[in-house]
>>> print(open('coords-v5.cif').read())   # mmCIF, C-alpha atoms and all ligand atoms
data_input
#
loop_
_atom_site.label_atom_id
_atom_site.label_comp_id
_atom_site.auth_asym_id
_atom_site.auth_seq_id
_atom_site.Cartn_x
_atom_site.Cartn_y
_atom_site.Cartn_z
CA ALA A 1 -52.88 93.43 235.86
CA GLY A 2 -55.90 92.19 233.90
CA ALA A 3 -58.17 94.36 231.79
CA PRO A 4 -56.94 97.78 230.66
CA GLY A 5 -57.45 100.20 233.46
CA LEU A 6 -57.66 103.84 234.15
CA PHE A 7 -54.61 105.08 235.99
CA LYS A 8 -55.35 108.32 237.79
CA ALA A 9 -52.97 110.32 239.96
CA ARG A 10 -52.28 113.83 241.13
CA LEU A 11 -48.82 115.39 241.19
CA THR A 12 -48.48 118.59 243.14
CA ALA A 13 -45.21 120.44 242.64
CA GLU A 14 -44.49 122.55 245.70
CA PRO A 15 -41.68 123.87 247.89
CA ALA A 16 -40.64 121.44 250.63
CA VAL A 17 -37.86 121.03 253.16
CA ALA A 18 -35.37 118.16 253.25
CA ARG A 19 -32.75 117.17 255.82
CA PHE A 20 -29.52 116.20 254.06
CA ALA A 21 -27.06 117.59 256.60
CA GLU A 22 -27.26 117.23 260.36
CA GLY A 23 -29.33 120.01 261.90
CA LYS A 24 -29.76 121.90 258.63
CA ASP A 25 -32.87 122.41 256.57
CA THR A 26 -32.60 122.39 252.80
CA PRO A 27 -35.39 124.08 250.86
CA ILE A 28 -36.18 121.92 247.83
CA LEU A 29 -38.88 121.52 245.21
CA ALA A 30 -40.87 118.33 245.44
CA TYR A 31 -43.69 116.40 243.82
CA ASN A 32 -46.20 115.42 246.51
CA GLY A 33 -43.68 116.39 249.16
CA THR A 34 -40.91 114.00 248.09
CA SER A 35 -37.79 114.18 245.93
CA PRO A 36 -37.49 112.13 243.79
CA GLY A 37 -41.22 112.36 243.22
CA PRO A 38 -43.49 109.36 243.76
CA LEU A 39 -42.71 106.26 241.72
CA ILE A 40 -45.48 105.90 239.14
CA GLY A 41 -46.24 102.37 237.99
CA ALA A 42 -48.87 101.69 235.32
CA TYR A 43 -49.48 98.87 232.86
CA GLU A 44 -49.31 98.69 229.09
CA GLY A 45 -52.81 99.31 227.78
CA ASP A 46 -53.73 101.65 230.63
CA ARG A 47 -55.28 105.04 230.14
CA VAL A 48 -53.35 107.57 232.24
CA GLU A 49 -54.81 110.78 233.63
CA ILE A 50 -52.50 112.79 235.83
CA THR A 51 -53.52 116.11 237.29
CA PHE A 52 -50.57 118.42 237.70
CA ALA A 53 -50.98 121.12 240.31
CA ASN A 54 -48.30 123.77 239.93
CA ARG A 55 -47.60 125.34 243.31
CA ILE A 56 -43.91 126.25 242.91
CA GLY A 57 -44.32 129.95 242.26
CA GLU A 58 -43.23 129.94 238.62
CA ALA A 59 -44.44 128.35 235.39
CA SER A 60 -43.68 124.66 234.93
CA THR A 61 -44.75 121.60 232.95
CA ILE A 62 -44.46 117.85 233.34
CA HIS A 63 -42.63 116.10 230.54
CA TRP A 64 -42.98 112.31 230.23
CA HIS A 65 -39.43 111.51 229.24
CA GLY A 66 -39.25 108.68 226.70
CA MET A 67 -42.96 107.92 226.65
CA PRO A 68 -45.05 107.63 223.48
CA VAL A 69 -47.54 110.34 224.48
CA PRO A 70 -49.31 112.83 222.16
CA ALA A 71 -47.25 115.98 221.59
CA ASP A 72 -49.81 118.23 223.28
CA GLN A 73 -49.65 116.07 226.44
CA ASP A 74 -45.85 115.98 226.61
CA GLY A 75 -45.14 119.04 228.75
CA ASN A 76 -43.35 121.00 226.01
CA PRO A 77 -41.92 124.45 226.81
CA MET A 78 -44.60 125.83 224.46
CA ASP A 79 -47.34 124.57 226.84
CA PRO A 80 -46.54 126.06 230.24
CA VAL A 81 -48.74 125.52 233.27
CA ALA A 82 -49.06 128.89 235.00
CA VAL A 83 -48.32 129.56 238.65
CA GLY A 84 -51.12 128.15 240.78
CA ALA A 85 -52.83 126.41 237.86
CA ASP A 86 -53.86 122.76 237.45
CA ARG A 87 -53.85 120.78 234.22
CA VAL A 88 -54.64 117.20 233.34
CA TYR A 89 -52.18 115.21 231.24
CA ALA A 90 -53.98 112.32 229.55
CA PHE A 91 -52.57 109.57 227.35
CA ASP A 92 -52.81 105.87 226.56
CA LEU A 93 -49.94 103.46 227.11
CA PRO A 94 -49.76 101.33 223.97
CA GLU A 95 -49.04 97.60 224.02
CA GLY A 96 -45.30 97.07 223.76
CA SER A 97 -44.49 100.29 225.61
CA ALA A 98 -43.29 98.68 228.86
CA GLY A 99 -40.11 100.42 229.97
CA SER A 100 -38.30 102.64 232.46
CA TYR A 101 -39.41 106.20 231.83
CA TRP A 102 -39.36 109.28 233.98
CA TYR A 103 -41.02 112.63 234.44
CA HIS A 104 -39.60 116.08 235.05
CA PRO A 105 -40.38 119.76 234.34
CA HIS A 106 -39.61 121.26 230.91
CA PRO A 107 -40.54 124.96 231.12
CA HIS A 108 -38.75 127.40 228.86
CA GLY A 109 -35.43 128.44 230.39
CA ARG A 110 -36.18 126.96 233.83
CA THR A 111 -35.79 123.21 233.38
CA ALA A 112 -32.26 122.89 234.77
CA GLU A 113 -33.01 124.69 238.01
CA GLN A 114 -36.37 123.05 238.66
CA VAL A 115 -34.79 119.62 238.19
CA TYR A 116 -31.71 120.19 240.37
CA ARG A 117 -33.91 121.62 243.11
CA GLY A 118 -35.74 118.31 243.25
CA LEU A 119 -38.40 117.85 240.59
CA ALA A 120 -37.98 114.45 238.91
CA GLY A 121 -39.50 111.01 239.36
CA ALA A 122 -39.61 107.55 237.78
CA PHE A 123 -42.50 106.28 235.66
CA VAL A 124 -42.37 102.53 235.09
CA VAL A 125 -44.66 101.02 232.48
CA LYS A 126 -45.09 97.34 233.25
CA SER A 127 -45.97 94.49 230.97
CA LYS A 128 -48.67 91.99 231.86
CA ALA A 129 -46.54 89.25 230.32
CA ASP A 130 -43.18 90.15 231.83
CA PRO A 131 -40.57 87.45 231.10
CA VAL A 132 -38.40 88.45 234.07
CA PRO A 133 -39.22 86.30 237.11
CA ALA A 134 -41.30 88.23 239.65
CA ALA A 135 -39.14 86.67 242.40
CA TYR A 136 -36.33 89.07 241.40
CA GLY A 137 -38.40 91.97 242.66
CA ASP A 138 -38.36 95.27 240.78
CA THR A 139 -36.33 97.99 242.44
CA VAL A 140 -36.06 101.49 241.03
CA LEU A 141 -32.87 103.43 241.84
CA VAL A 142 -33.04 107.10 240.88
CA PHE A 143 -29.66 108.85 240.97
CA THR A 144 -29.63 112.58 241.62
CA ASP A 145 -26.81 114.74 242.87
CA LEU A 146 -26.77 117.49 245.36
CA ARG A 147 -24.67 120.47 246.31
CA LEU A 148 -25.19 122.17 249.67
CA ALA A 149 -23.96 125.53 250.90
CA GLY A 150 -22.76 125.85 254.50
CA ASP A 151 -26.22 126.83 255.69
CA GLY A 152 -27.79 123.75 254.11
CA SER A 153 -29.32 125.58 251.14
CA MET A 154 -28.67 124.71 247.49
CA PRO A 155 -26.52 127.37 245.85
CA ASP A 156 -27.49 128.81 242.47
CA ASN A 157 -25.65 127.75 239.34
CA THR A 158 -22.19 129.24 238.81
CA MET A 159 -20.43 129.97 235.53
CA THR A 160 -18.74 126.55 235.82
CA ASP A 161 -22.16 124.92 236.21
CA LEU A 162 -23.47 126.67 233.13
CA MET A 163 -20.49 125.54 231.06
CA ASN A 164 -20.24 121.96 232.18
CA GLY A 165 -23.70 121.40 233.54
CA ARG A 166 -24.30 121.32 237.26
CA VAL A 167 -22.56 118.43 238.98
CA GLY A 168 -23.31 118.15 242.69
CA ASP A 169 -21.04 117.01 245.50
CA HIS A 170 -23.08 114.04 246.66
CA VAL A 171 -24.78 111.40 244.58
CA LEU A 172 -28.07 110.33 246.11
CA VAL A 173 -30.01 107.16 245.43
CA ASN A 174 -33.75 107.68 245.85
CA GLY A 175 -32.85 110.77 247.88
CA GLN A 176 -30.49 108.94 250.25
CA LYS A 177 -26.75 108.64 250.48
CA ASN A 178 -25.42 105.08 250.01
CA PRO A 179 -28.57 103.19 251.00
CA ARG A 180 -28.28 99.51 252.03
CA LEU A 181 -30.17 96.49 250.85
CA VAL A 182 -30.05 93.06 252.48
CA VAL A 183 -30.39 89.83 250.48
CA GLY A 184 -29.70 86.12 251.06
CA ILE A 185 -26.99 84.36 249.14
CA GLY A 186 -28.20 83.13 245.73
CA ALA A 187 -30.68 85.97 245.41
CA LYS A 188 -31.27 87.79 242.15
CA ARG A 189 -32.58 91.32 241.98
CA ARG A 190 -34.00 93.34 239.12
CA LEU A 191 -32.77 96.92 239.36
CA ARG A 192 -33.76 99.88 237.21
CA LEU A 193 -31.05 102.54 237.31
CA TYR A 194 -31.96 106.11 236.39
CA ASN A 195 -29.50 108.92 235.83
CA ALA A 196 -31.71 111.85 236.84
CA THR A 197 -28.79 114.22 237.46
CA ASN A 198 -28.47 117.42 235.44
CA ALA A 199 -24.98 116.67 234.17
CA ARG A 200 -23.14 113.85 235.95
CA PHE A 201 -21.85 110.94 233.90
CA LEU A 202 -22.08 107.73 235.88
CA ARG A 203 -19.71 104.97 234.87
CA LEU A 204 -20.83 102.19 237.16
CA ALA A 205 -19.61 98.79 238.28
CA PHE A 206 -20.82 96.21 240.77
CA HIS A 207 -18.26 94.62 243.05
CA GLY A 208 -19.01 91.32 244.76
CA ALA A 209 -22.00 90.57 242.50
CA ALA A 210 -22.54 89.84 238.82
CA ALA A 211 -24.53 92.24 236.66
CA THR A 212 -26.50 91.43 233.51
CA ILE A 213 -28.13 94.07 231.35
CA ILE A 214 -31.71 93.18 230.50
CA GLY A 215 -33.10 96.51 229.34
CA THR A 216 -32.48 100.10 228.33
CA ASP A 217 -34.51 103.33 228.24
CA GLY A 218 -37.37 101.87 226.24
CA GLY A 219 -37.67 98.42 227.80
CA LEU A 220 -36.21 94.94 227.58
CA LEU A 221 -33.44 93.78 225.25
CA GLU A 222 -33.89 90.71 223.09
CA ALA A 223 -31.58 88.72 225.34
CA PRO A 224 -29.59 89.37 228.53
CA VAL A 225 -26.02 90.63 228.15
CA ALA A 226 -23.37 90.28 230.88
CA ALA A 227 -21.82 93.63 231.86
CA ASP A 228 -18.68 94.52 233.79
CA GLU A 229 -19.50 98.21 233.72
CA ILE A 230 -22.15 100.56 232.46
CA LEU A 231 -21.88 104.17 231.33
CA LEU A 232 -25.07 106.01 232.18
CA SER A 233 -25.00 109.53 230.81
CA PRO A 234 -27.52 112.12 232.06
CA ALA A 235 -31.12 110.91 231.49
CA GLU A 236 -30.20 107.36 230.46
CA ARG A 237 -31.64 104.30 232.18
CA VAL A 238 -30.63 100.68 232.32
CA GLU A 239 -32.35 97.58 233.68
CA LEU A 240 -30.13 95.02 235.33
CA VAL A 241 -30.38 91.66 236.99
CA ILE A 242 -27.83 91.30 239.76
CA SER A 243 -26.85 87.86 241.03
CA PHE A 244 -25.65 87.78 244.61
CA ASP A 245 -23.64 84.58 244.80
CA LYS A 246 -20.93 85.54 247.29
CA PRO A 247 -21.52 86.35 250.95
CA GLY A 248 -20.29 89.69 252.23
CA SER A 249 -20.89 93.13 251.01
CA ALA A 250 -21.56 93.95 247.37
CA THR A 251 -21.29 97.54 246.24
CA LEU A 252 -22.25 99.67 243.30
CA THR A 253 -19.44 102.15 242.73
CA THR A 254 -18.37 104.74 240.18
CA LEU A 255 -15.35 104.53 237.88
CA ALA A 256 -13.40 107.40 236.35
CA TYR A 257 -14.86 108.80 233.16
CA ASP A 258 -13.50 111.76 231.22
CA ARG A 259 -16.54 113.55 229.80
CA GLY A 260 -14.60 116.70 228.94
CA TRP A 261 -14.47 119.48 231.49
CA MET A 262 -13.96 123.19 230.96
CA GLY A 263 -12.12 125.20 233.56
CA ALA A 264 -11.29 124.29 237.13
CA GLY A 265 -13.36 122.34 239.64
CA ARG A 266 -13.69 119.04 237.86
CA PRO A 267 -15.62 116.91 240.36
CA ALA A 268 -14.28 113.62 241.67
CA ASP A 269 -15.96 110.91 239.70
CA ALA A 270 -14.24 107.64 240.63
CA GLY A 271 -14.61 105.55 243.75
CA LEU A 272 -17.98 106.76 245.02
CA THR A 273 -20.07 104.03 246.60
CA LEU A 274 -23.68 104.55 245.61
CA LEU A 275 -25.31 101.45 247.04
CA THR A 276 -24.29 98.68 249.42
CA VAL A 277 -25.91 95.25 249.49
CA ASP A 278 -25.31 92.98 252.46
CA VAL A 279 -25.35 89.42 251.18
CA SER A 280 -26.00 87.15 254.13
CA LYS A 281 -24.83 83.53 254.42
CA ASN A 282 -28.44 82.42 254.71
CA PRO A 283 -29.54 81.14 251.34
CA ALA A 284 -32.29 83.07 249.60
CA GLU A 285 -35.45 81.29 248.44
CA PRO A 286 -34.49 79.56 245.18
CA VAL A 287 -35.42 81.69 242.18
CA PRO A 288 -36.03 80.69 238.56
CA PRO A 289 -33.23 81.42 236.08
CA LEU A 290 -33.37 84.45 233.80
CA PRO A 291 -34.89 83.38 230.46
CA GLU A 292 -32.49 83.31 227.51
CA ARG A 293 -34.86 85.31 225.32
CA LEU A 294 -36.65 88.36 226.69
CA ARG A 295 -38.63 89.72 223.73
CA PRO A 296 -38.17 90.33 220.03
CA ILE A 297 -37.17 93.82 218.84
CA ALA A 298 -37.97 94.58 215.21
CA PRO A 299 -35.09 96.55 213.66
CA LEU A 300 -36.20 99.85 212.14
CA SER A 301 -36.11 99.58 208.36
CA VAL A 302 -34.37 101.48 205.59
CA PRO A 303 -34.57 105.23 206.25
CA ALA A 304 -36.40 107.52 203.84
CA VAL A 305 -34.65 110.68 205.01
CA GLY A 306 -31.23 111.53 206.45
CA ARG A 307 -30.50 114.36 208.88
CA ARG A 308 -27.24 115.70 210.22
CA LEU A 309 -27.12 117.56 213.54
CA VAL A 310 -23.80 119.15 214.44
CA PHE A 311 -23.25 120.04 218.10
CA THR A 312 -20.81 122.85 218.85
CA GLU A 313 -19.84 125.10 221.72
CA THR A 314 -18.93 128.75 221.29
CA MET A 315 -17.29 131.10 223.69
CA THR A 316 -17.46 134.87 223.56
CA MET A 317 -15.17 136.87 225.78
CA THR A 318 -15.98 140.38 226.87
CA ALA A 319 -13.85 142.56 229.15
CA THR A 320 -15.67 141.32 232.23
CA ASP A 321 -17.44 138.17 231.24
CA MET A 322 -17.42 135.01 229.23
CA GLN A 323 -20.52 133.77 227.43
CA MET A 324 -20.91 130.16 226.41
CA GLY A 325 -23.21 129.16 223.62
CA PHE A 326 -24.35 125.62 222.97
CA LEU A 327 -25.54 125.20 219.41
CA ILE A 328 -27.04 122.64 217.02
CA ASN A 329 -26.19 123.31 213.37
CA GLY A 330 -24.92 126.73 214.39
CA LYS A 331 -28.18 127.82 216.00
CA ALA A 332 -29.39 128.31 219.53
CA PHE A 333 -32.89 127.17 220.46
CA ASP A 334 -35.77 129.39 219.40
CA MET A 335 -39.22 128.40 220.62
CA ALA A 336 -40.81 130.08 217.59
CA ARG A 337 -38.70 128.23 215.01
CA VAL A 338 -39.29 124.75 213.62
CA ASP A 339 -35.94 123.17 212.85
CA ILE A 340 -36.96 119.91 211.22
CA VAL A 341 -40.20 118.79 209.58
CA ALA A 342 -40.79 115.04 209.49
CA LYS A 343 -43.57 112.69 208.43
CA ALA A 344 -45.34 110.51 210.95
CA GLY A 345 -44.56 106.83 210.44
CA GLN A 346 -41.48 107.44 208.31
CA THR A 347 -38.09 106.12 209.38
CA GLU A 348 -35.23 108.62 209.38
CA LEU A 349 -31.48 108.30 209.80
CA TRP A 350 -30.13 110.88 212.23
CA GLU A 351 -26.44 111.57 212.39
CA ILE A 352 -25.42 113.41 215.55
CA VAL A 353 -21.98 114.94 215.17
CA ASN A 354 -20.25 116.19 218.29
CA GLN A 355 -17.60 118.75 217.32
CA ALA A 356 -17.41 120.14 220.84
CA ASP A 357 -15.02 119.61 223.74
CA MET A 358 -17.51 117.86 225.97
CA ASP A 359 -19.74 114.83 225.69
CA HIS A 360 -23.37 115.72 224.95
CA PRO A 361 -26.10 113.17 225.69
CA PHE A 362 -28.62 113.47 222.85
CA HIS A 363 -32.33 113.02 223.59
CA VAL A 364 -35.47 113.24 221.48
CA HIS A 365 -39.04 113.34 222.74
CA GLY A 366 -42.03 111.23 221.88
CA THR A 367 -40.41 108.05 220.64
CA GLN A 368 -37.64 105.50 221.11
CA PHE A 369 -34.84 105.12 218.59
CA GLN A 370 -32.25 102.51 217.62
CA VAL A 371 -28.56 103.40 217.59
CA ILE A 372 -26.86 101.77 214.60
CA GLU A 373 -23.28 103.01 214.90
CA HIS A 374 -20.72 105.16 216.66
CA GLU A 375 -17.87 106.68 214.66
CA ARG A 376 -14.76 108.23 216.12
CA GLY A 377 -11.46 109.01 214.44
CA GLY A 378 -12.60 107.15 211.32
CA LYS A 379 -13.40 103.97 213.27
CA VAL A 380 -16.95 102.71 213.14
CA ALA A 381 -18.38 100.53 215.91
CA LYS A 382 -21.78 98.87 216.02
CA PRO A 383 -23.56 98.72 219.35
CA PRO A 384 -23.27 95.28 220.98
CA TYR A 385 -27.04 94.73 220.96
CA LEU A 386 -30.25 96.10 219.47
CA ALA A 387 -32.07 98.32 221.96
CA TRP A 388 -34.74 100.97 222.30
CA LYS A 389 -33.25 104.23 223.51
CA ASP A 390 -34.39 107.81 223.92
CA THR A 391 -31.04 109.19 225.08
CA VAL A 392 -27.58 108.34 223.79
CA ASN A 393 -24.27 109.82 224.77
CA VAL A 394 -22.38 111.43 221.90
CA ALA A 395 -18.81 111.64 223.14
CA ARG A 396 -16.66 114.56 222.07
CA GLY A 397 -15.33 114.03 218.59
CA GLU A 398 -17.84 111.26 218.01
CA THR A 399 -20.63 110.79 215.48
CA VAL A 400 -23.61 108.65 216.45
CA ARG A 401 -26.03 107.36 213.82
CA LEU A 402 -29.49 106.27 214.80
CA LEU A 403 -32.79 105.28 213.23
CA LEU A 404 -35.81 107.20 214.38
CA ARG A 405 -39.51 107.04 213.63
CA GLN A 406 -42.14 109.34 215.10
CA GLU A 407 -45.62 107.83 215.02
CA ARG A 408 -47.64 110.82 216.24
CA PRO A 409 -48.00 114.31 214.77
CA GLY A 410 -47.04 117.45 216.64
CA GLN A 411 -43.99 119.31 217.85
CA ARG A 412 -41.22 117.41 219.62
CA MET A 413 -38.09 118.67 221.29
CA TYR A 414 -34.64 117.22 220.76
CA HIS A 415 -31.73 118.38 222.87
CA CYS A 416 -28.63 117.74 224.89
CA HIS A 417 -29.74 116.34 228.25
CA ILE A 418 -27.11 118.23 230.18
CA LEU A 419 -29.91 120.49 231.27
CA GLU A 420 -27.79 123.64 231.47
CA HIS A 421 -26.80 123.08 227.84
CA GLU A 422 -30.42 122.58 226.84
CA GLN A 423 -31.19 125.85 228.57
CA LEU A 424 -28.32 127.68 226.85
CA GLY A 425 -29.53 126.72 223.40
CA MET A 426 -28.66 123.12 222.57
CA MET A 427 -32.21 122.20 221.61
CA GLY A 428 -34.39 122.17 218.52
CA ILE A 429 -37.97 121.53 217.45
CA LEU A 430 -39.04 118.65 215.26
CA ASP A 431 -42.50 119.12 213.73
CA VAL A 432 -44.10 115.82 212.83
CA LYS A 433 -46.84 116.07 210.20
CU1 LIG B 501 -35.81 114.48 229.84
CU2 LIG B 501 -36.61 117.11 226.91
O1 LIG B 501 -36.26 115.79 228.39
CU CU B 502 -37.68 113.89 227.12
CU CU B 503 -24.41 119.14 226.33
#
>>> encode(input="coords-v5.cif", output="structure tokens")
Amino acid sequence: AGAPGLFKARLTAEPAVARFAEGKDTPILAYNGTSPGPLIGAYEGDRVEITFANRIGEASTIHWHGMPVPADQDGNPMDPVAVGADRVYAFDLPEGSAGSYWYHPHPHGRTAEQVYRGLAGAFVVKSKADPVPAAYGDTVLVFTDLRLAGDGSMPDNTMTDLMNGRVGDHVLVNGQKNPRLVVGIGAKRRLRLYNATNARFLRLAFHGAAATIIGTDGGLLEAPVAADEILLSPAERVELVISFDKPGSATLTTLAYDRGWMGAGRPADAGLTLLTVDVSKNPAEPVPPLPERLRPIAPLSVPAVGRRLVFTETMTMTATDMQMGFLINGKAFDMARVDIVAKAGQTELWEIVNQADMDHPFHVHGTQFQVIEHERGGKVAKPPYLAWKDTVNVARGETVRLLLRQERPGQRMYHCHILEHEQLGMMGILDVK
């Protein structure tokens, strides 16, 4: 904390070996030897300079998911870092940007595979005047999922993976299966949950402890909101405060969620235990209560422009094969085509219409937006609270309306964050002038 600082780091992407199964080596891709990559923590006001060393044997980039960075520093597919090359990403973290962001590759056509093989990490921007008591700690939980072949290697994507997005067999938390935490009774913990999987929807509930939502992708809410369950679609984050008021074991588990599945092999989604917390009978050090107000959020104002983005899936059958296409407004991604031109500083209303058979989590780069309504079957629902988001699930048959304002010029990507869908075309380019 204190005066604005210079935050410098180096991220080397390279092949590494992990041990997920007894006696078997799994070749992975890692940042600085670990997957998830190192947790980056910087403060609002900091200048960030991160040197990316690409040692994975193919082109890559680092994208700063959700962060307000200049377009030419955002790791776009148009700005690849060649095999063996280094590049510096430099940006300032503005005041008010505290939040739970992440970083991952975004090279053209290779994002899905580089991420499922291990390249992703959390980037937390902290506030110097954080209203959440420091005694709650600040624990980052990055969910990834993993599929292993019999020899311990990670199999390539199948046709099912390409259609539905790759869903692994094991959900890992910070690279581990069902890790344990120990707390005293009466403890409160601040947890930041990240869905860094390619395509797994996580409908989550705590048992034996009470959860309160305090923040979303782009930082704190205005006020805490009690939550029985949370749906975290791919790429979404949520900040929680968990109160451990009963001795015994508290668990974070998954609930069933029907996200639309094509073909056979729908993975089991309910009843997985992701995290276990042993709550001992020994009382924890007393902690201050959670404040009733966290921070003000100014609602985005009347939009100057409206956009409509229709998401569809297409299927083409040939004698031997089936080709899926994932389209926005009837088009597959083209790196040489600008799809939308917008003005910096102008608020827009975006209507995301999902006419497909699967949920598609919508994400846009370079800014945070505010969801104003969800419509399904003619019924309109307002979100229960005002929040800054960079990813929102658009369920099948649903229309989501959101207000969006890009402050910085340059080209930004928007796409479905099921990374296989992004790769198969469900992405566009927004050029901000
Ligand atoms: Cu998480 Cu286009 O990114
Ligand atoms: Cu992003
Ligand atoms: Cu999708």
>>> closest_residue(input="coords-v5.cif", among="A:Pro38, A:Gly377, A:Gly248, A:Pro77", to="ligand CU 502 (chain B)", atoms="only C-alpha atoms and all ligand atoms")
A:Pro77
>>> closest_residue(input="coords-v5.cif", among="A:Val279, A:Met324, A:Val142, A:Leu162", to="A:His207", atoms="all atoms listed in the file")
A:Val279
>>> closest_residue(input="coords-v5.cif", among="A:Glu229, A:Glu422, A:Glu239, A:Asp161", to="ligand LIG 501 (chain B)", atoms="only C-alpha atoms and all ligand atoms")
A:Glu422
>>> atom_distance(input="coords-v5.cif", atom1="atom CA of A:Thr312", atom2="atom CA of A:Arg266")
20.7 Å
>>> residues_around(input="coords-v5.cif", residues="stretch 416-420 of chain A", least_positions_apart="3", cutoff="9 Å", atoms="all atoms listed in the file", output="list in words")
Thr111, Ala112, Glu113, Val115, Asp161, Leu162, Met163, Asn164, Gly165, Arg166, Thr197, Asn198, Ala199, Arg200, Ser233, Pro234, Ala235, Phe311, His360, Pro361, Phe362, His363, Val364, Thr391, Gln423, Leu424, Gly425, Met426 and Met427 of chain A
>>> residues_around(input="coords-v5.cif", residues="A:Gly23", least_positions_apart="5", cutoff="12 Å", atoms="all atoms listed in the file", output="PyMOL selection string")
chain A and resi 18+150-152
>>> decode(input="coords-v5.cif", residues="stretch 180-197 of chain A", atoms="N, CA and C atoms", output="mmCIF file, in the first residue's frame")
data_model
loop_
_atom_site.group_PDB
_atom_site.id
_atom_site.type_symbol
_atom_site.label_atom_id
_atom_site.label_comp_id
_atom_site.auth_asym_id
_atom_site.auth_seq_id
_atom_site.Cartn_x
_atom_site.Cartn_y
_atom_site.Cartn_z
ATOM 1 N N ARG A 180 -8.353 -28.773 1.734
ATOM 2 C CA ARG A 180 -8.967 -28.533 3.046
ATOM 3 C C ARG A 180 -8.439 -27.248 3.650
ATOM 4 N N LEU A 181 -9.333 -26.541 4.290
ATOM 5 C CA LEU A 181 -8.936 -25.385 5.090
ATOM 6 C C LEU A 181 -9.356 -25.682 6.516
ATOM 7 N N VAL A 182 -8.683 -25.079 7.492
ATOM 8 C CA VAL A 182 -9.060 -25.237 8.889
ATOM 9 C C VAL A 182 -9.314 -23.851 9.467
ATOM 10 N N VAL A 183 -10.461 -23.671 10.123
ATOM 11 C CA VAL A 183 -10.756 -22.389 10.774
ATOM 12 C C VAL A 183 -11.338 -22.664 12.158
ATOM 13 N N GLY A 184 -11.324 -21.653 13.033
ATOM 14 C CA GLY A 184 -11.989 -21.750 14.329
ATOM 15 C C GLY A 184 -13.433 -21.324 14.186
ATOM 16 N N ILE A 185 -14.248 -21.767 15.128
ATOM 17 C CA ILE A 185 -15.656 -21.396 15.046
ATOM 18 C C ILE A 185 -15.801 -19.868 15.213
ATOM 19 N N GLY A 186 -16.728 -19.286 14.450
ATOM 20 C CA GLY A 186 -16.906 -17.829 14.476
ATOM 21 C C GLY A 186 -16.064 -17.112 13.444
ATOM 22 N N ALA A 187 -15.219 -17.853 12.741
ATOM 23 C CA ALA A 187 -14.350 -17.208 11.752
ATOM 24 C C ALA A 187 -15.157 -16.741 10.548
ATOM 25 N N LYS A 188 -14.655 -15.735 9.888
ATOM 26 C CA LYS A 188 -15.182 -15.317 8.584
ATOM 27 C C LYS A 188 -14.022 -15.310 7.599
ATOM 28 N N ARG A 189 -14.329 -15.748 6.387
ATOM 29 C CA ARG A 189 -13.282 -15.781 5.358
ATOM 30 C C ARG A 189 -13.785 -15.117 4.089
ATOM 31 N N ARG A 190 -12.908 -14.317 3.503
ATOM 32 C CA ARG A 190 -13.187 -13.740 2.190
ATOM 33 C C ARG A 190 -12.617 -14.669 1.134
ATOM 34 N N LEU A 191 -13.491 -15.138 0.246
ATOM 35 C CA LEU A 191 -13.065 -16.055 -0.816
ATOM 36 C C LEU A 191 -13.371 -15.437 -2.167
ATOM 37 N N ARG A 192 -12.427 -15.547 -3.086
ATOM 38 C CA ARG A 192 -12.659 -15.129 -4.471
ATOM 39 C C ARG A 192 -12.705 -16.406 -5.311
ATOM 40 N N LEU A 193 -13.856 -16.674 -5.895
ATOM 41 C CA LEU A 193 -14.036 -17.895 -6.681
ATOM 42 C C LEU A 193 -13.915 -17.564 -8.167
ATOM 43 N N TYR A 194 -13.087 -18.318 -8.850
ATOM 44 C CA TYR A 194 -12.855 -18.106 -10.280
ATOM 45 C C TYR A 194 -13.262 -19.348 -11.043
ATOM 46 N N ASN A 195 -14.125 -19.206 -12.036
ATOM 47 C CA ASN A 195 -14.359 -20.318 -12.949
ATOM 48 C C ASN A 195 -13.393 -20.168 -14.127
ATOM 49 N N ALA A 196 -12.278 -20.879 -14.049
ATOM 50 C CA ALA A 196 -11.266 -20.817 -15.116
ATOM 51 C C ALA A 196 -11.320 -22.069 -15.993
ATOM 52 N N THR A 197 -12.445 -22.785 -15.948
ATOM 53 C CA THR A 197 -12.593 -23.956 -16.822
ATOM 54 C C THR A 197 -12.949 -23.497 -18.228
#
